[in-house]
$ cat model.cif   # mmCIF, C-alpha atoms, pLDDT in the B column; chains and numbers go by the auth columns
data_work
#
loop_
_atom_site.group_PDB
_atom_site.id
_atom_site.type_symbol
_atom_site.label_atom_id
_atom_site.label_comp_id
_atom_site.label_asym_id
_atom_site.label_seq_id
_atom_site.Cartn_x
_atom_site.Cartn_y
_atom_site.Cartn_z
_atom_site.B_iso_or_equiv
_atom_site.auth_seq_id
_atom_site.auth_asym_id
ATOM 1 C CA HIS A 1 33.767 192.377 188.058 62.00 18 W
ATOM 2 C CA PRO A 2 32.080 192.715 191.426 71.00 19 W
ATOM 3 C CA ALA A 3 29.593 190.061 192.464 68.00 20 W
ATOM 4 C CA ASP A 4 26.567 190.255 194.742 70.00 21 W
ATOM 5 C CA ALA A 5 26.701 186.570 195.663 66.00 22 W
ATOM 6 C CA LEU A 6 28.880 183.500 195.423 64.00 23 W
ATOM 7 C CA ILE A 7 27.330 180.033 195.495 65.00 24 W
ATOM 8 C CA LEU A 8 29.560 177.146 196.454 61.00 25 W
ATOM 9 C CA ALA A 9 28.617 173.469 196.521 61.00 26 W
ATOM 10 C CA ASP A 10 30.386 172.128 199.580 61.00 27 W
ATOM 11 C CA ARG A 11 29.732 168.441 198.805 69.00 28 W
ATOM 12 C CA LEU A 12 28.717 166.064 196.078 75.00 29 W
ATOM 13 C CA GLN A 13 25.436 164.242 196.597 75.00 30 W
ATOM 14 C CA PRO A 14 23.981 161.320 194.666 76.00 31 W
ATOM 15 C CA ALA A 15 21.396 162.457 192.111 72.00 32 W
ATOM 16 C CA ASN A 16 18.892 159.649 192.570 75.00 33 W
ATOM 17 C CA PHE A 17 15.722 161.736 192.178 74.00 34 W
ATOM 18 C CA LEU A 18 14.721 159.887 188.999 73.00 35 W
ATOM 19 C CA LEU A 19 14.555 156.594 190.891 79.00 36 W
ATOM 20 C CA ARG A 20 12.221 157.916 193.594 77.00 37 W
ATOM 21 C CA GLY A 21 9.285 157.846 191.175 80.00 38 W
ATOM 22 C CA LEU A 22 9.819 154.091 190.855 82.00 39 W
ATOM 23 C CA GLY A 23 9.749 153.658 194.618 83.00 40 W
ATOM 24 C CA LEU A 24 13.473 152.932 194.679 82.00 41 W
ATOM 25 C CA GLY A 25 15.859 154.608 197.002 75.00 42 W
ATOM 26 C CA ASP A 26 15.395 156.968 199.852 76.00 43 W
ATOM 27 C CA GLU A 27 13.339 160.155 199.893 73.00 44 W
ATOM 28 C CA ARG A 28 16.130 162.016 201.666 75.00 45 W
ATOM 29 C CA PRO A 29 18.448 163.960 199.356 72.00 46 W
ATOM 30 C CA GLY A 30 21.950 162.629 199.015 76.00 47 W
ATOM 31 C CA ILE A 31 21.189 158.962 199.670 81.00 48 W
ATOM 32 C CA PRO A 32 22.699 156.806 196.883 85.00 49 W
ATOM 33 C CA ALA A 33 20.665 154.394 194.787 86.00 50 W
ATOM 34 C CA PRO A 34 20.397 150.927 196.379 88.00 51 W
ATOM 35 C CA VAL A 35 22.508 148.883 193.973 89.00 52 W
ATOM 36 C CA ASP A 36 24.359 145.617 194.466 90.00 53 W
ATOM 37 C CA ALA A 37 28.014 145.046 193.536 86.00 54 W
ATOM 38 C CA GLU A 38 27.092 144.747 189.826 85.00 55 W
ATOM 39 C CA GLY A 39 24.939 147.896 189.804 87.00 56 W
ATOM 40 C CA ALA A 40 21.597 146.070 189.809 88.00 57 W
ATOM 41 C CA LEU A 41 18.694 147.787 191.537 88.00 58 W
ATOM 42 C CA PRO A 42 16.169 145.886 193.702 90.00 59 W
ATOM 43 C CA MET A 43 13.651 146.045 190.817 87.00 60 W
ATOM 44 C CA PRO A 44 14.451 143.233 188.335 85.00 61 W
ATOM 45 C CA GLY A 45 15.836 144.423 185.011 82.00 62 W
ATOM 46 C CA LEU A 46 17.047 147.809 186.259 84.00 63 W
ATOM 47 C CA TRP A 47 20.624 148.903 186.863 85.00 64 W
ATOM 48 C CA ALA A 48 22.157 152.194 187.909 86.00 65 W
ATOM 49 C CA ALA A 49 25.571 153.825 187.688 86.00 66 W
ATOM 50 C CA GLY A 50 27.061 157.265 187.798 84.00 67 W
ATOM 51 C CA THR A 51 25.990 160.153 189.959 80.00 68 W
ATOM 52 C CA CYS A 52 22.890 158.446 191.347 82.00 69 W
ATOM 53 C CA VAL A 53 25.141 155.806 192.898 84.00 70 W
ATOM 54 C CA ALA A 54 28.372 157.670 193.683 82.00 71 W
ATOM 55 C CA PRO A 55 28.918 161.293 192.673 79.00 72 W
ATOM 56 C CA ASP A 56 32.275 162.028 191.110 78.00 73 W
ATOM 57 C CA VAL A 57 33.384 165.531 190.221 77.00 74 W
ATOM 58 C CA ASP A 58 35.319 164.475 187.117 76.00 75 W
ATOM 59 C CA HIS A 59 33.067 161.490 186.221 79.00 76 W
ATOM 60 C CA VAL A 60 35.955 158.993 186.099 85.00 77 W
ATOM 61 C CA ARG A 61 34.210 156.686 188.566 84.00 78 W
ATOM 62 C CA SER A 62 30.901 157.209 186.754 83.00 79 W
ATOM 63 C CA LEU A 63 32.509 156.002 183.534 87.00 80 W
ATOM 64 C CA ALA A 64 34.060 152.962 185.221 88.00 81 W
ATOM 65 C CA ASP A 65 30.793 152.120 186.997 87.00 82 W
ATOM 66 C CA GLY A 66 28.868 152.491 183.735 88.00 83 W
ATOM 67 C CA LEU A 67 31.214 150.053 182.025 90.00 84 W
ATOM 68 C CA ALA A 68 30.852 147.553 184.897 89.00 85 W
ATOM 69 C CA VAL A 69 27.041 147.832 184.745 88.00 86 W
ATOM 70 C CA ALA A 70 27.106 147.320 180.960 90.00 87 W
ATOM 71 C CA GLN A 71 29.192 144.173 181.401 91.00 88 W
ATOM 72 C CA ALA A 72 26.839 142.847 184.107 87.00 89 W
ATOM 73 C CA LEU A 73 23.823 143.627 181.921 85.00 90 W
ATOM 74 C CA LEU A 74 25.369 141.828 178.949 89.00 91 W
ATOM 75 C CA ALA A 75 26.155 138.781 181.111 89.00 92 W
ATOM 76 C CA THR A 76 22.539 138.735 182.347 86.00 93 W
ATOM 77 C CA VAL A 77 21.171 138.953 178.811 86.00 94 W
ATOM 78 C CA GLU A 78 23.486 136.154 177.678 91.00 95 W
ATOM 79 C CA ARG A 79 22.424 133.915 180.613 89.00 96 W
ATOM 80 C CA THR A 80 18.755 134.608 179.909 87.00 97 W
ATOM 81 C CA ALA A 81 19.171 133.839 176.197 89.00 98 W
ATOM 82 C CA ALA A 82 21.060 130.626 176.943 90.00 99 W
ATOM 83 C CA ALA A 83 18.392 129.500 179.416 90.00 100 W
ATOM 84 C CA SER A 84 15.576 130.138 176.937 87.00 101 W
ATOM 85 C CA THR A 85 17.257 128.381 174.001 83.00 102 W
ATOM 86 C CA PRO A 86 15.797 124.890 173.507 81.00 103 W
ATOM 87 C CA THR A 87 18.317 122.068 173.852 73.00 104 W
ATOM 88 C CA GLY A 88 19.528 120.840 170.474 65.00 105 W
ATOM 89 C CA ALA A 89 18.480 124.033 168.665 56.00 106 W
#

$ encode --input "model.cif" --output "structure tokens"
Amino acid sequence: HPADALILADRLQPANFLLRGLGLGDERPGIPAPVDAEGALPMPGLWAAGTCVAPDVDHVRSLADGLAVAQALLATVERTAAASTPTGA
């Protein structure tokens, strides 16, 4: 079938637009979310993974990053629970 137009994405860009409303990240398109090595954002209690951090055409890295963020989140919750548990309880 003939086509009038062909649209081609020539690069992958981080999709961090949801974080901009929180004042996180950069207003320029394509700038990844500002996460640390564990995926934590500068705002306490928030983490990010996937295409807002590092776009991946087949989502393999997104899946791995999501797992790493889940593990970091679980470790944080466990540390917080341990710190708030009274001694001898």

$ residues_around --input "model.cif" --residues "segment 68-79 of chain W" --least-positions-apart "6" --cutoff "9 Å" --atoms "all atoms listed in the file" --output "VMD selection string"
chain W and resid 29 to 36 47 to 52 56

$ atom_distance --input "model.cif" --atom1 "atom CA of Ala81 of chain W" --atom2 "atom CA of Gly38 of chain W"
25.9 Å

$ resolve_selection --input "model.cif" --expression "the PyMOL selection byres ((chain W and resi 90-103) around 9)" --output "PyMOL selection string"
chain W and resi 55+57+62+64+85-89+104-106

$ atom_distance --input "model.cif" --atom1 "atom CA of Leu80 of chain W" --atom2 "atom CA of Leu58 of chain W"
18.0 Å

$ atom_distance --input "model.cif" --atom1 "atom CA of Asp82 of chain W" --atom2 "atom CA of Ala65 of chain W"
8.7 Å

$ closest_residue --input "model.cif" --among "W:Gly67, W:Pro19, W:Gly83, W:Pro59" --to "Gly40 of chain W" --atoms "only C-alpha atoms"
W:Pro59

$ decode --input "model.cif" --residues "segment 89-105 of chain W" --atoms "all heavy atoms" --output "mmCIF file, in the first residue's frame"
data_model
loop_
_atom_site.group_PDB
_atom_site.id
_atom_site.type_symbol
_atom_site.label_atom_id
_atom_site.label_comp_id
_atom_site.auth_asym_id
_atom_site.auth_seq_id
_atom_site.Cartn_x
_atom_site.Cartn_y
_atom_site.Cartn_z
ATOM 1 N N ALA W 89 16.027 -2.242 46.571
ATOM 2 C CA ALA W 89 16.464 -1.097 47.377
ATOM 3 C C ALA W 89 15.318 -0.576 48.244
ATOM 4 O O ALA W 89 15.506 -0.234 49.412
ATOM 5 C CB ALA W 89 16.985 0.020 46.468
ATOM 6 N N LEU W 90 14.131 -0.543 47.685
ATOM 7 C CA LEU W 90 12.946 -0.097 48.430
ATOM 8 C C LEU W 90 12.666 -1.039 49.597
ATOM 9 O O LEU W 90 12.427 -0.599 50.724
ATOM 10 C CB LEU W 90 11.747 -0.019 47.501
ATOM 11 C CG LEU W 90 10.411 0.363 48.108
ATOM 12 C CD1 LEU W 90 10.488 1.716 48.787
ATOM 13 C CD2 LEU W 90 9.336 0.373 47.046
ATOM 14 N N LEU W 91 12.724 -2.331 49.351
ATOM 15 C CA LEU W 91 12.504 -3.313 50.412
ATOM 16 C C LEU W 91 13.548 -3.165 51.521
ATOM 17 O O LEU W 91 13.208 -3.189 52.709
ATOM 18 C CB LEU W 91 12.537 -4.732 49.847
ATOM 19 C CG LEU W 91 12.324 -5.863 50.839
ATOM 20 C CD1 LEU W 91 10.975 -5.724 51.545
ATOM 21 C CD2 LEU W 91 12.414 -7.204 50.149
ATOM 22 N N ALA W 92 14.804 -2.971 51.145
ATOM 23 C CA ALA W 92 15.865 -2.790 52.147
ATOM 24 C C ALA W 92 15.606 -1.533 52.980
ATOM 25 O O ALA W 92 15.788 -1.534 54.198
ATOM 26 C CB ALA W 92 17.226 -2.710 51.464
ATOM 27 N N THR W 93 15.136 -0.472 52.349
ATOM 28 C CA THR W 93 14.830 0.773 53.062
ATOM 29 C C THR W 93 13.674 0.569 54.037
ATOM 30 O O THR W 93 13.728 1.018 55.187
ATOM 31 C CB THR W 93 14.487 1.895 52.066
ATOM 32 O OG1 THR W 93 15.615 2.099 51.214
ATOM 33 C CG2 THR W 93 14.130 3.185 52.769
ATOM 34 N N VAL W 94 12.644 -0.122 53.593
ATOM 35 C CA VAL W 94 11.498 -0.396 54.460
ATOM 36 C C VAL W 94 11.928 -1.251 55.646
ATOM 37 O O VAL W 94 11.530 -0.991 56.795
ATOM 38 C CB VAL W 94 10.359 -1.080 53.668
ATOM 39 C CG1 VAL W 94 9.280 -1.628 54.594
ATOM 40 C CG2 VAL W 94 9.764 -0.106 52.662
ATOM 41 N N GLU W 95 12.757 -2.256 55.393
ATOM 42 C CA GLU W 95 13.230 -3.117 56.478
ATOM 43 C C GLU W 95 14.076 -2.331 57.477
ATOM 44 O O GLU W 95 13.938 -2.510 58.686
ATOM 45 C CB GLU W 95 14.009 -4.301 55.910
ATOM 46 C CG GLU W 95 13.127 -5.309 55.204
ATOM 47 C CD GLU W 95 13.904 -6.392 54.484
ATOM 48 O OE1 GLU W 95 15.129 -6.225 54.240
ATOM 49 O OE2 GLU W 95 13.290 -7.409 54.144
ATOM 50 N N ARG W 96 14.961 -1.445 57.004
ATOM 51 C CA ARG W 96 15.777 -0.619 57.902
ATOM 52 C C ARG W 96 14.895 0.315 58.726
ATOM 53 O O ARG W 96 15.110 0.473 59.927
ATOM 54 C CB ARG W 96 16.785 0.215 57.105
ATOM 55 C CG ARG W 96 18.002 -0.545 56.666
ATOM 56 C CD ARG W 96 19.096 0.384 56.156
ATOM 57 N NE ARG W 96 18.662 1.285 55.097
ATOM 58 C CZ ARG W 96 18.703 1.016 53.796
ATOM 59 N NH1 ARG W 96 19.165 -0.153 53.387
ATOM 60 N NH2 ARG W 96 18.305 1.896 52.916
ATOM 61 N N THR W 97 13.903 0.906 58.097
ATOM 62 C CA THR W 97 12.998 1.815 58.794
ATOM 63 C C THR W 97 12.205 1.074 59.860
ATOM 64 O O THR W 97 12.049 1.554 60.985
ATOM 65 C CB THR W 97 12.040 2.493 57.800
ATOM 66 O OG1 THR W 97 12.819 3.184 56.823
ATOM 67 C CG2 THR W 97 11.112 3.463 58.484
ATOM 68 N N ALA W 98 11.712 -0.114 59.521
ATOM 69 C CA ALA W 98 10.952 -0.917 60.495
ATOM 70 C C ALA W 98 11.832 -1.329 61.662
ATOM 71 O O ALA W 98 11.408 -1.284 62.823
ATOM 72 C CB ALA W 98 10.354 -2.138 59.801
ATOM 73 N N ALA W 99 13.058 -1.734 61.376
ATOM 74 C CA ALA W 99 13.977 -2.153 62.435
ATOM 75 C C ALA W 99 14.316 -0.985 63.357
ATOM 76 O O ALA W 99 14.391 -1.144 64.568
ATOM 77 C CB ALA W 99 15.253 -2.745 61.840
ATOM 78 N N ALA W 100 14.478 0.198 62.781
ATOM 79 C CA ALA W 100 14.824 1.378 63.585
ATOM 80 C C ALA W 100 13.656 1.845 64.450
ATOM 81 O O ALA W 100 13.866 2.432 65.507
ATOM 82 C CB ALA W 100 15.273 2.510 62.668
ATOM 83 N N SER W 101 12.439 1.572 64.019
ATOM 84 C CA SER W 101 11.272 2.026 64.785
ATOM 85 C C SER W 101 10.736 0.986 65.761
ATOM 86 O O SER W 101 9.807 1.247 66.500
ATOM 87 C CB SER W 101 10.166 2.466 63.824
ATOM 88 O OG SER W 101 9.689 1.355 63.089
ATOM 89 N N THR W 102 11.330 -0.220 65.751
ATOM 90 C CA THR W 102 10.907 -1.267 66.671
ATOM 91 C C THR W 102 11.581 -1.046 68.020
ATOM 92 O O THR W 102 12.809 -0.953 68.087
ATOM 93 C CB THR W 102 11.293 -2.664 66.121
ATOM 94 O OG1 THR W 102 10.676 -2.828 64.850
ATOM 95 C CG2 THR W 102 10.843 -3.759 67.064
ATOM 96 N N PRO W 103 10.799 -0.937 69.087
ATOM 97 C CA PRO W 103 11.396 -0.733 70.419
ATOM 98 C C PRO W 103 12.298 -1.920 70.788
ATOM 99 O O PRO W 103 12.017 -3.065 70.463
ATOM 100 C CB PRO W 103 10.192 -0.670 71.351
ATOM 101 C CG PRO W 103 9.016 -0.421 70.486
ATOM 102 C CD PRO W 103 9.359 -0.975 69.128
ATOM 103 N N THR W 104 13.369 -1.632 71.470
ATOM 104 C CA THR W 104 14.294 -2.679 71.920
ATOM 105 C C THR W 104 13.583 -3.582 72.922
ATOM 106 O O THR W 104 12.868 -3.104 73.815
ATOM 107 C CB THR W 104 15.525 -2.039 72.598
ATOM 108 O OG1 THR W 104 16.105 -1.119 71.670
ATOM 109 C CG2 THR W 104 16.542 -3.104 72.955
ATOM 110 N N GLY W 105 13.739 -4.871 72.741
ATOM 111 C CA GLY W 105 13.120 -5.847 73.642
ATOM 112 C C GLY W 105 11.680 -6.185 73.258
ATOM 113 O O GLY W 105 11.019 -6.906 73.952
#
